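Reproduced below: query_14.txt, with compact mmCIF, N, CA and C atoms.
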# COMPACT_ATOMS: atom_id res chain seq x y z
N ASN A 206 83.56 91.01 81.13
CA ASN A 206 83.32 91.17 79.72
C ASN A 206 84.21 92.22 79.07
N GLY A 207 85.17 92.71 79.81
CA GLY A 207 86.09 93.71 79.26
C GLY A 207 85.62 95.14 79.42
N GLN A 208 84.43 95.34 79.95
CA GLN A 208 83.91 96.68 80.18
C GLN A 208 84.00 97.00 81.67
N PRO A 209 84.51 98.20 82.02
CA PRO A 209 84.62 98.52 83.45
C PRO A 209 83.26 98.80 84.07
N SER A 210 83.13 98.41 85.32
CA SER A 210 81.94 98.81 86.07
C SER A 210 82.01 100.32 86.26
N GLY A 211 80.94 100.91 86.72
CA GLY A 211 80.96 102.36 86.97
C GLY A 211 82.04 102.75 87.97
N ALA A 212 82.17 101.97 89.03
CA ALA A 212 83.18 102.27 90.05
C ALA A 212 84.59 102.14 89.48
N LEU A 213 84.85 101.08 88.71
CA LEU A 213 86.17 100.90 88.13
C LEU A 213 86.48 102.01 87.14
N ALA A 214 85.49 102.42 86.36
CA ALA A 214 85.69 103.52 85.41
C ALA A 214 86.02 104.82 86.13
N ARG A 215 85.35 105.08 87.25
CA ARG A 215 85.64 106.31 88.02
C ARG A 215 87.04 106.26 88.61
N ARG A 216 87.47 105.10 89.10
CA ARG A 216 88.82 104.98 89.65
C ARG A 216 89.86 105.18 88.55
N ALA A 217 89.65 104.59 87.39
CA ALA A 217 90.58 104.73 86.28
C ALA A 217 90.67 106.19 85.84
N ALA A 218 89.53 106.88 85.80
CA ALA A 218 89.52 108.29 85.41
C ALA A 218 90.28 109.15 86.42
N LEU A 219 90.12 108.88 87.72
CA LEU A 219 90.85 109.64 88.72
C LEU A 219 92.35 109.36 88.62
N ALA A 220 92.73 108.11 88.38
CA ALA A 220 94.15 107.79 88.21
C ALA A 220 94.72 108.56 87.03
N ARG A 221 93.97 108.62 85.94
CA ARG A 221 94.41 109.40 84.77
C ARG A 221 94.56 110.87 85.14
N ASP A 222 93.58 111.43 85.84
CA ASP A 222 93.64 112.84 86.24
C ASP A 222 94.87 113.12 87.09
N LEU A 223 95.13 112.26 88.08
CA LEU A 223 96.28 112.47 88.97
C LEU A 223 97.59 112.36 88.19
N PHE A 224 97.65 111.45 87.24
CA PHE A 224 98.84 111.35 86.39
C PHE A 224 99.02 112.64 85.60
N LEU A 225 97.96 113.12 84.97
CA LEU A 225 98.06 114.33 84.15
C LEU A 225 98.39 115.57 84.98
N GLU A 226 98.03 115.55 86.27
CA GLU A 226 98.39 116.64 87.19
C GLU A 226 99.84 116.55 87.65
N GLY A 227 100.54 115.49 87.26
CA GLY A 227 101.93 115.31 87.66
C GLY A 227 102.10 114.68 89.03
N ARG A 228 101.06 114.08 89.57
CA ARG A 228 101.14 113.48 90.90
C ARG A 228 101.78 112.10 90.91
N ALA A 229 101.95 111.50 89.70
CA ALA A 229 102.55 110.16 89.63
C ALA A 229 103.24 110.00 88.28
N PRO A 230 104.46 109.42 88.28
CA PRO A 230 105.16 109.21 87.01
C PRO A 230 104.67 107.98 86.25
N ARG A 231 104.03 107.06 86.96
CA ARG A 231 103.48 105.84 86.36
C ARG A 231 102.18 105.51 87.08
N VAL A 232 101.37 104.71 86.40
CA VAL A 232 100.14 104.26 87.02
C VAL A 232 100.14 102.73 87.00
N VAL A 233 100.14 102.14 88.19
CA VAL A 233 100.10 100.69 88.31
C VAL A 233 98.65 100.29 88.54
N PHE A 234 98.09 99.58 87.60
CA PHE A 234 96.74 99.07 87.75
C PHE A 234 96.85 97.66 88.32
N THR A 235 96.11 97.41 89.40
CA THR A 235 96.18 96.12 90.06
C THR A 235 94.85 95.39 89.97
N GLY A 236 94.92 94.09 90.08
CA GLY A 236 93.72 93.27 90.14
C GLY A 236 93.73 92.17 89.11
N GLY A 237 93.61 90.97 89.61
CA GLY A 237 93.58 89.81 88.74
C GLY A 237 92.23 89.60 88.11
N GLY A 238 92.14 88.53 87.40
CA GLY A 238 90.88 88.18 86.75
C GLY A 238 90.24 87.01 87.44
N GLY A 239 88.97 86.88 87.24
CA GLY A 239 88.27 85.71 87.76
C GLY A 239 88.47 84.55 86.80
N ARG A 240 87.53 83.66 86.81
CA ARG A 240 87.62 82.50 85.93
C ARG A 240 87.39 82.88 84.47
N HIS A 241 86.69 83.96 84.26
CA HIS A 241 86.33 84.35 82.90
C HIS A 241 86.74 85.81 82.67
N GLY A 242 87.13 86.09 81.47
CA GLY A 242 87.36 87.47 81.09
C GLY A 242 88.72 88.01 81.48
N PRO A 243 88.95 89.24 81.10
CA PRO A 243 90.24 89.88 81.35
C PRO A 243 90.39 90.30 82.82
N SER A 244 91.60 90.61 83.19
CA SER A 244 91.88 91.05 84.57
C SER A 244 91.27 92.42 84.81
N GLU A 245 90.99 92.70 86.07
CA GLU A 245 90.51 94.02 86.46
C GLU A 245 91.55 95.08 86.09
N ALA A 246 92.82 94.76 86.29
CA ALA A 246 93.89 95.71 85.97
C ALA A 246 93.87 96.08 84.49
N SER A 247 93.73 95.10 83.62
CA SER A 247 93.77 95.39 82.18
C SER A 247 92.54 96.17 81.73
N VAL A 248 91.39 95.90 82.31
CA VAL A 248 90.17 96.63 81.96
C VAL A 248 90.30 98.09 82.41
N ALA A 249 90.77 98.31 83.63
CA ALA A 249 90.94 99.67 84.13
C ALA A 249 91.99 100.43 83.30
N ALA A 250 93.08 99.77 82.98
CA ALA A 250 94.13 100.41 82.19
C ALA A 250 93.61 100.79 80.80
N ALA A 251 92.91 99.89 80.16
CA ALA A 251 92.37 100.20 78.83
C ALA A 251 91.42 101.39 78.88
N HIS A 252 90.61 101.45 79.93
CA HIS A 252 89.69 102.57 80.07
C HIS A 252 90.47 103.87 80.27
N ALA A 253 91.46 103.85 81.14
CA ALA A 253 92.24 105.07 81.40
C ALA A 253 92.97 105.53 80.13
N VAL A 254 93.50 104.60 79.37
CA VAL A 254 94.17 104.95 78.11
C VAL A 254 93.16 105.54 77.14
N SER A 255 91.95 105.00 77.10
CA SER A 255 90.91 105.56 76.22
C SER A 255 90.54 106.99 76.61
N LEU A 256 90.82 107.34 77.88
CA LEU A 256 90.54 108.70 78.38
C LEU A 256 91.74 109.63 78.26
N GLY A 257 92.86 109.11 77.71
CA GLY A 257 94.01 109.98 77.49
C GLY A 257 95.25 109.69 78.31
N LEU A 258 95.24 108.66 79.13
CA LEU A 258 96.46 108.28 79.85
C LEU A 258 97.43 107.68 78.84
N PRO A 259 98.67 108.17 78.78
CA PRO A 259 99.62 107.58 77.83
C PRO A 259 99.89 106.11 78.16
N SER A 260 99.87 105.27 77.15
CA SER A 260 100.04 103.83 77.39
C SER A 260 101.41 103.51 77.95
N ASP A 261 102.42 104.35 77.68
CA ASP A 261 103.75 104.07 78.22
C ASP A 261 103.85 104.39 79.71
N ALA A 262 102.80 104.96 80.29
CA ALA A 262 102.78 105.24 81.74
C ALA A 262 102.11 104.10 82.51
N VAL A 263 101.57 103.13 81.78
CA VAL A 263 100.78 102.05 82.39
C VAL A 263 101.67 100.87 82.77
N VAL A 264 101.45 100.38 83.99
CA VAL A 264 102.07 99.15 84.47
C VAL A 264 100.93 98.27 84.98
N LEU A 265 100.95 97.00 84.61
CA LEU A 265 99.89 96.09 85.03
C LEU A 265 100.38 95.10 86.07
N GLU A 266 99.56 94.88 87.08
CA GLU A 266 99.76 93.82 88.07
C GLU A 266 98.47 93.02 88.02
N GLU A 267 98.50 91.83 87.49
CA GLU A 267 97.28 91.09 87.19
C GLU A 267 97.09 89.82 88.01
N ARG A 268 97.78 89.69 89.13
CA ARG A 268 97.66 88.47 89.94
C ARG A 268 96.84 88.65 91.21
N SER A 269 96.77 89.84 91.73
CA SER A 269 96.19 90.06 93.05
C SER A 269 94.69 89.82 93.09
N THR A 270 94.25 89.40 94.28
CA THR A 270 92.82 89.15 94.51
C THR A 270 92.33 89.82 95.79
N SER A 271 93.17 90.63 96.43
CA SER A 271 92.78 91.32 97.66
C SER A 271 93.60 92.60 97.79
N THR A 272 93.20 93.45 98.70
CA THR A 272 93.95 94.68 98.95
C THR A 272 95.37 94.36 99.41
N ARG A 273 95.51 93.38 100.28
CA ARG A 273 96.84 92.97 100.75
C ARG A 273 97.72 92.55 99.56
N GLU A 274 97.17 91.73 98.67
CA GLU A 274 97.94 91.30 97.49
C GLU A 274 98.19 92.46 96.53
N ASN A 275 97.22 93.37 96.39
CA ASN A 275 97.45 94.56 95.56
C ASN A 275 98.72 95.27 96.02
N ALA A 276 98.82 95.48 97.31
CA ALA A 276 99.97 96.19 97.87
C ALA A 276 101.26 95.39 97.73
N ASP A 277 101.22 94.12 98.09
CA ASP A 277 102.43 93.29 98.04
C ASP A 277 102.96 93.13 96.62
N TYR A 278 102.08 92.84 95.66
CA TYR A 278 102.53 92.65 94.28
C TYR A 278 102.98 93.97 93.66
N ALA A 279 102.31 95.06 94.00
CA ALA A 279 102.75 96.37 93.49
C ALA A 279 104.13 96.72 94.05
N ALA A 280 104.39 96.35 95.31
CA ALA A 280 105.71 96.61 95.90
C ALA A 280 106.80 95.81 95.21
N ARG A 281 106.47 94.62 94.74
CA ARG A 281 107.45 93.84 93.98
C ARG A 281 107.80 94.53 92.67
N ILE A 282 106.85 95.23 92.09
CA ILE A 282 107.07 95.93 90.83
C ILE A 282 107.83 97.24 91.07
N LEU A 283 107.37 98.03 92.03
CA LEU A 283 107.92 99.37 92.24
C LEU A 283 109.06 99.42 93.24
N GLY A 284 109.16 98.43 94.10
CA GLY A 284 110.14 98.44 95.17
C GLY A 284 109.53 99.04 96.42
N PRO A 285 109.92 98.55 97.59
CA PRO A 285 109.30 98.99 98.84
C PRO A 285 109.61 100.43 99.23
N ASN A 286 110.62 101.04 98.63
CA ASN A 286 110.94 102.43 98.97
C ASN A 286 110.19 103.45 98.13
N ALA A 287 109.33 102.97 97.24
CA ALA A 287 108.55 103.87 96.39
C ALA A 287 107.51 104.63 97.22
N ARG A 288 107.14 105.76 96.70
CA ARG A 288 106.01 106.54 97.23
C ARG A 288 104.82 106.21 96.35
N VAL A 289 103.69 105.89 96.95
CA VAL A 289 102.52 105.55 96.16
C VAL A 289 101.31 106.40 96.55
N LEU A 290 100.48 106.62 95.58
CA LEU A 290 99.19 107.27 95.77
C LEU A 290 98.15 106.26 95.28
N VAL A 291 97.46 105.67 96.20
CA VAL A 291 96.49 104.62 95.90
C VAL A 291 95.16 105.27 95.53
N VAL A 292 94.59 104.85 94.42
CA VAL A 292 93.28 105.34 94.00
C VAL A 292 92.28 104.21 94.23
N THR A 293 91.24 104.53 94.97
CA THR A 293 90.24 103.51 95.31
C THR A 293 88.91 104.19 95.55
N ASP A 294 87.92 103.42 95.97
CA ASP A 294 86.64 104.01 96.33
C ASP A 294 86.77 104.71 97.68
N ALA A 295 85.99 105.76 97.87
CA ALA A 295 86.10 106.57 99.09
C ALA A 295 85.95 105.74 100.36
N TYR A 296 85.02 104.80 100.37
CA TYR A 296 84.80 104.00 101.57
C TYR A 296 85.97 103.07 101.87
N HIS A 297 86.85 102.85 100.93
CA HIS A 297 87.97 101.91 101.05
C HIS A 297 89.30 102.62 101.36
N VAL A 298 89.30 103.94 101.38
CA VAL A 298 90.54 104.71 101.54
C VAL A 298 91.27 104.36 102.84
N PHE A 299 90.57 104.30 103.95
CA PHE A 299 91.23 104.04 105.23
C PHE A 299 92.03 102.74 105.18
N ARG A 300 91.36 101.65 104.80
CA ARG A 300 92.04 100.35 104.80
C ARG A 300 93.14 100.30 103.75
N ALA A 301 92.87 100.80 102.56
CA ALA A 301 93.87 100.74 101.48
C ALA A 301 95.14 101.51 101.87
N ARG A 302 94.97 102.69 102.42
CA ARG A 302 96.16 103.48 102.80
C ARG A 302 96.97 102.75 103.87
N ARG A 303 96.30 102.18 104.84
CA ARG A 303 97.00 101.47 105.91
C ARG A 303 97.72 100.23 105.39
N VAL A 304 97.07 99.48 104.51
CA VAL A 304 97.68 98.25 103.97
C VAL A 304 98.86 98.61 103.07
N PHE A 305 98.71 99.59 102.20
CA PHE A 305 99.80 99.98 101.32
C PHE A 305 100.97 100.60 102.11
N ALA A 306 100.67 101.23 103.25
CA ALA A 306 101.74 101.79 104.08
C ALA A 306 102.62 100.70 104.69
N GLN A 307 102.11 99.48 104.77
CA GLN A 307 102.95 98.38 105.24
C GLN A 307 103.90 97.91 104.16
N ALA A 308 103.52 98.06 102.91
CA ALA A 308 104.32 97.55 101.80
C ALA A 308 105.25 98.61 101.21
N PHE A 309 104.98 99.88 101.47
CA PHE A 309 105.75 100.97 100.87
C PHE A 309 106.25 101.95 101.93
N ALA A 310 107.32 102.67 101.58
CA ALA A 310 107.88 103.66 102.49
C ALA A 310 106.89 104.79 102.75
N HIS A 311 106.09 105.14 101.76
CA HIS A 311 105.12 106.22 101.92
C HIS A 311 103.89 105.90 101.07
N ALA A 312 102.73 105.97 101.67
CA ALA A 312 101.50 105.69 100.94
C ALA A 312 100.43 106.71 101.30
N GLU A 313 99.80 107.24 100.28
CA GLU A 313 98.64 108.10 100.42
C GLU A 313 97.52 107.43 99.65
N ALA A 314 96.31 107.92 99.84
CA ALA A 314 95.18 107.35 99.10
C ALA A 314 94.22 108.45 98.71
N ALA A 315 93.63 108.30 97.55
CA ALA A 315 92.60 109.20 97.05
C ALA A 315 91.38 108.37 96.73
N GLY A 316 90.22 108.85 97.12
CA GLY A 316 89.00 108.08 96.91
C GLY A 316 88.03 108.74 95.96
N VAL A 317 87.39 107.92 95.16
CA VAL A 317 86.31 108.41 94.30
C VAL A 317 85.00 108.19 95.04
N PRO A 318 84.06 109.11 94.86
CA PRO A 318 82.77 108.96 95.53
C PRO A 318 82.06 107.67 95.09
N THR A 319 81.35 107.11 96.03
CA THR A 319 80.59 105.90 95.76
C THR A 319 79.13 106.29 95.60
N ARG A 320 78.48 105.73 94.61
CA ARG A 320 77.06 106.02 94.40
C ARG A 320 76.27 105.55 95.61
N GLU A 321 75.31 106.34 96.00
CA GLU A 321 74.53 106.07 97.21
C GLU A 321 73.92 104.67 97.21
N GLU A 322 73.43 104.22 96.07
CA GLU A 322 72.79 102.91 96.02
C GLU A 322 73.77 101.77 96.25
N SER A 323 75.05 102.04 96.03
CA SER A 323 76.08 101.01 96.23
C SER A 323 76.56 100.94 97.67
N LEU A 324 76.35 102.00 98.43
CA LEU A 324 76.86 102.04 99.80
C LEU A 324 76.23 101.00 100.71
N SER A 325 74.97 100.65 100.49
CA SER A 325 74.32 99.69 101.38
C SER A 325 75.00 98.33 101.32
N ASN A 326 75.60 98.00 100.20
CA ASN A 326 76.36 96.75 100.09
C ASN A 326 77.82 96.95 100.47
N ALA A 327 78.39 98.08 100.07
CA ALA A 327 79.82 98.30 100.23
C ALA A 327 80.23 98.54 101.69
N LEU A 328 79.47 99.33 102.41
CA LEU A 328 79.87 99.68 103.77
C LEU A 328 79.92 98.49 104.72
N PRO A 329 78.90 97.63 104.77
CA PRO A 329 79.01 96.46 105.66
C PRO A 329 80.19 95.55 105.27
N ARG A 330 80.39 95.37 103.98
CA ARG A 330 81.51 94.54 103.52
C ARG A 330 82.84 95.16 103.94
N GLU A 331 82.96 96.48 103.80
CA GLU A 331 84.20 97.15 104.16
C GLU A 331 84.42 97.11 105.67
N LEU A 332 83.39 97.30 106.45
CA LEU A 332 83.52 97.21 107.91
C LEU A 332 84.01 95.83 108.31
N PHE A 333 83.44 94.80 107.73
CA PHE A 333 83.88 93.43 108.00
C PHE A 333 85.35 93.26 107.60
N ALA A 334 85.73 93.78 106.44
CA ALA A 334 87.12 93.66 105.97
C ALA A 334 88.08 94.40 106.90
N VAL A 335 87.69 95.57 107.38
CA VAL A 335 88.55 96.32 108.32
C VAL A 335 88.76 95.50 109.58
N LEU A 336 87.71 94.88 110.09
CA LEU A 336 87.84 94.06 111.29
C LEU A 336 88.77 92.87 111.06
N ILE A 337 88.64 92.20 109.93
CA ILE A 337 89.49 91.05 109.61
C ILE A 337 90.94 91.51 109.44
N TYR A 338 91.15 92.57 108.69
CA TYR A 338 92.51 93.07 108.46
C TYR A 338 93.15 93.52 109.78
N ALA A 339 92.36 94.16 110.65
CA ALA A 339 92.89 94.59 111.94
C ALA A 339 93.27 93.39 112.80
N ALA A 340 92.44 92.37 112.80
CA ALA A 340 92.73 91.18 113.59
C ALA A 340 94.00 90.47 113.11
N ARG A 341 94.25 90.53 111.81
CA ARG A 341 95.45 89.90 111.25
C ARG A 341 96.69 90.79 111.38
N GLY A 342 96.50 92.03 111.82
CA GLY A 342 97.63 92.95 111.94
C GLY A 342 97.97 93.68 110.66
N ASP A 343 97.09 93.64 109.68
CA ASP A 343 97.36 94.26 108.38
C ASP A 343 97.11 95.76 108.35
N LEU A 344 96.72 96.35 109.47
CA LEU A 344 96.49 97.79 109.50
C LEU A 344 97.50 98.54 110.37
N ARG A 345 98.49 97.81 110.86
CA ARG A 345 99.53 98.42 111.69
C ARG A 345 100.47 99.26 110.86
N SER A 346 101.37 99.96 111.52
CA SER A 346 102.40 100.72 110.83
C SER A 346 103.30 99.79 110.04
N ARG A 347 104.13 100.37 109.20
CA ARG A 347 104.99 99.60 108.30
C ARG A 347 105.77 98.52 109.04
N ARG A 348 105.86 97.35 108.36
CA ARG A 348 106.58 96.20 108.93
C ARG A 348 108.05 96.47 109.07
As a first step, turn the structure in this file into structure tokens.
Amino acid sequence: NGQPSGALARRAALARDLFLEGRAPRVVFTGGGGRHGPSEASVAAAHAVSLGLPSDAVVLEERSTSTRENADYAARILGPNARVLVVTDAYHVFRARRVFAQAFAHAEAAGVPTREESLSNALPRELFAVLIYAARGDLRSRR
């Protein structure tokens, strides 16, 4: 509906903070849209801009539907030799950093805290995703 979830709003706010601290010259928002409504990237970007992120610092990647695609499509935009700081939920930091490290020369990750009530759903899903990504080789060192 064009409104960020609480988690998406927290990630957008942290991305804005890191930009304002000088940790990144641009902010690439990733994430495609479902069948209805705007892309996750555009919703997060609009929220960050409403919080003071300069719009000329925003880059959108609106096709991805997974962490692997987030990394691959962002690398097409920034180039594989870029240094990236991935902003995600705290429970997702391990996998996101490893996946982005395959697509970029250097990848770090920063996580926003997850609300306790959300962890009961998020942690089992993330554990399953880590196992799948590991089995596919998506958590290895850079290709």
What are the nearest atom pairs, with distances in Å to one decimal, for all residues of range 305-330 of chain A that come at most 8 Å from range 284-292 of chain A, using only N, CA and C atoms, set out by chain and rising residue number as a tab-separated table?
residue	atom	partner	partner_atom	distance
A:Phe305	CA	A:Val291	CA	7.9
A:Gln307	C	A:Pro285	CA	7.7
A:Ala308	C	A:Pro285	CA	4.7
A:Phe309	CA	A:Pro285	C	4.2
A:Ala310	N	A:Pro285	C	4.0
A:His311	C	A:Val289	N	4.1
A:Ala312	CA	A:Val289	C	4.5
A:Glu313	C	A:Val291	N	3.9
A:Ala314	CA	A:Val291	N	4.1
A:Ala315	N	A:Val291	C	3.9
A:Gly316	N	A:Val292	CA	5.6
A:Val317	N	A:Val292	C	6.2
- [ ] Could you please write out, as a ChimeraX atom specification, every residue of range 216-327 of chain A that DSSP assigns to strand (DSSP E)?
- [x] /A:232-235,263-266,288-294,311-317
For N, CA and C atoms, I'd like the residues from the last selection saved as a compact mmCIF listing (two decimals), in the frame of the given file.
# COMPACT_ATOMS: atom_id res chain seq x y z
N VAL A 232 101.37 104.71 86.40
CA VAL A 232 100.14 104.26 87.02
C VAL A 232 100.14 102.73 87.00
N VAL A 233 100.14 102.14 88.19
CA VAL A 233 100.10 100.69 88.31
C VAL A 233 98.65 100.29 88.54
N PHE A 234 98.09 99.58 87.60
CA PHE A 234 96.74 99.07 87.75
C PHE A 234 96.85 97.66 88.32
N THR A 235 96.11 97.41 89.40
CA THR A 235 96.18 96.12 90.06
C THR A 235 94.85 95.39 89.97
N VAL A 263 101.57 103.13 81.78
CA VAL A 263 100.78 102.05 82.39
C VAL A 263 101.67 100.87 82.77
N VAL A 264 101.45 100.38 83.99
CA VAL A 264 102.07 99.15 84.47
C VAL A 264 100.93 98.27 84.98
N LEU A 265 100.95 97.00 84.61
CA LEU A 265 99.89 96.09 85.03
C LEU A 265 100.38 95.10 86.07
N GLU A 266 99.56 94.88 87.08
CA GLU A 266 99.76 93.82 88.07
C GLU A 266 98.47 93.02 88.02
N ARG A 288 107.14 105.76 96.70
CA ARG A 288 106.01 106.54 97.23
C ARG A 288 104.82 106.21 96.35
N VAL A 289 103.69 105.89 96.95
CA VAL A 289 102.52 105.55 96.16
C VAL A 289 101.31 106.40 96.55
N LEU A 290 100.48 106.62 95.58
CA LEU A 290 99.19 107.27 95.77
C LEU A 290 98.15 106.26 95.28
N VAL A 291 97.46 105.67 96.20
CA VAL A 291 96.49 104.62 95.90
C VAL A 291 95.16 105.27 95.53
N VAL A 292 94.59 104.85 94.42
CA VAL A 292 93.28 105.34 94.00
C VAL A 292 92.28 104.21 94.23
N THR A 293 91.24 104.53 94.97
CA THR A 293 90.24 103.51 95.31
C THR A 293 88.91 104.19 95.55
N ASP A 294 87.92 103.42 95.97
CA ASP A 294 86.64 104.01 96.33
C ASP A 294 86.77 104.71 97.68
N HIS A 311 106.09 105.14 101.76
CA HIS A 311 105.12 106.22 101.92
C HIS A 311 103.89 105.90 101.07
N ALA A 312 102.73 105.97 101.67
CA ALA A 312 101.50 105.69 100.94
C ALA A 312 100.43 106.71 101.30
N GLU A 313 99.80 107.24 100.28
CA GLU A 313 98.64 108.10 100.42
C GLU A 313 97.52 107.43 99.65
N ALA A 314 96.31 107.92 99.84
CA ALA A 314 95.18 107.35 99.10
C ALA A 314 94.22 108.45 98.71
N ALA A 315 93.63 108.30 97.55
CA ALA A 315 92.60 109.20 97.05
C ALA A 315 91.38 108.37 96.73
N GLY A 316 90.22 108.85 97.12
CA GLY A 316 89.00 108.08 96.91
C GLY A 316 88.03 108.74 95.96
N VAL A 317 87.39 107.92 95.16
CA VAL A 317 86.31 108.41 94.30
C VAL A 317 85.00 108.19 95.04
Report as CSV the residues of range 247-299 of chain A within 6 Å of range 225-243 of chain A, each with its shortest atom pair and distance in Å (one decimal), using all atoms listed in the file, ordered by chain and increasing residue number.
residue,atom,partner,partner_atom,distance
A:Ser247,N,A:Pro243,C,5.9
A:Val248,N,A:Pro243,C,5.7
A:Ala262,C,A:Val232,N,4.0
A:Val263,CA,A:Val232,C,4.7
A:Val264,N,A:Val232,C,4.0
A:Leu265,CA,A:Phe234,N,4.7
A:Glu266,N,A:Phe234,C,4.1
A:Glu267,C,A:Gly237,CA,3.6
A:Arg268,N,A:Gly237,CA,4.2
A:Ser269,C,A:Gly237,N,3.8
A:Thr270,N,A:Gly237,N,5.0
A:Asn275,CA,A:Thr235,CA,5.9
Open item on the list: Please list as an NGL selection string every residue within 8 Å of Leu258 in chain A, counting only N, CA and C atoms and excluding residues in the same chain fewer than 6 positions away.
Closed with: :A and (220-222 or 224-225 or 252)
Open item on the list: Which residue is closest to Arg320 in chain A? Choose from A:Val298, A:Ala251, A:Ala212, A:Ala340 and count all atoms listed in the file.
Closed with: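 Counting all atoms listed in the file, the residue closest to Arg320 in chain A is A:Ala212.
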- [ ] For each of A:Leu324, A:Ala295, A:Ala250, A:Leu283, take the minimum atom-to-atom distance to Ala218 in chain A, counting only C-alpha atoms, then give the residue where this is smallest.
- [x] A:Ala250
TODO: Would you mind writing down, as a count of residues only, each residue of range 228-341 of chain A that DSSP on the backbone assigns to helix (DSSP H, G or I)?
DONE: 61
Task: Atomic distance CA of Asp261 in chain A - CA of Val304 in chain A, expressed in Å with one decimal - done: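 Result for CA of Asp261 in chain A versus CA of Val304 in chain A: 27.1 Å, one decimal.
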- [ ] Would you mind reading off the distance between CA of Leu223 in chain A and atom N of Ala249 in chain A, one decimal, in Å?
- [x]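 These atoms are spaced 16.1 Å apart.
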TODO: For each of A:Tyr296, A:Ala339, A:Arg302, A:Arg345, take the minimum atom-to-atom distance to Asn326 in chain A, counting only C-alpha atoms, then give the residue where this is smallest.
DONE: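 Comparing A:Tyr296, A:Ala339, A:Arg302, A:Arg345 against Asn326 in chain A, the winner is A:Tyr296.
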Open item on the list: For a test of reading the model, state the distance in Å between CA of Pro209 in chain A and CA of Glu245 in chain A, rounded to one decimal.
Closed with: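 Distance between the two atoms: 8.0 Å.
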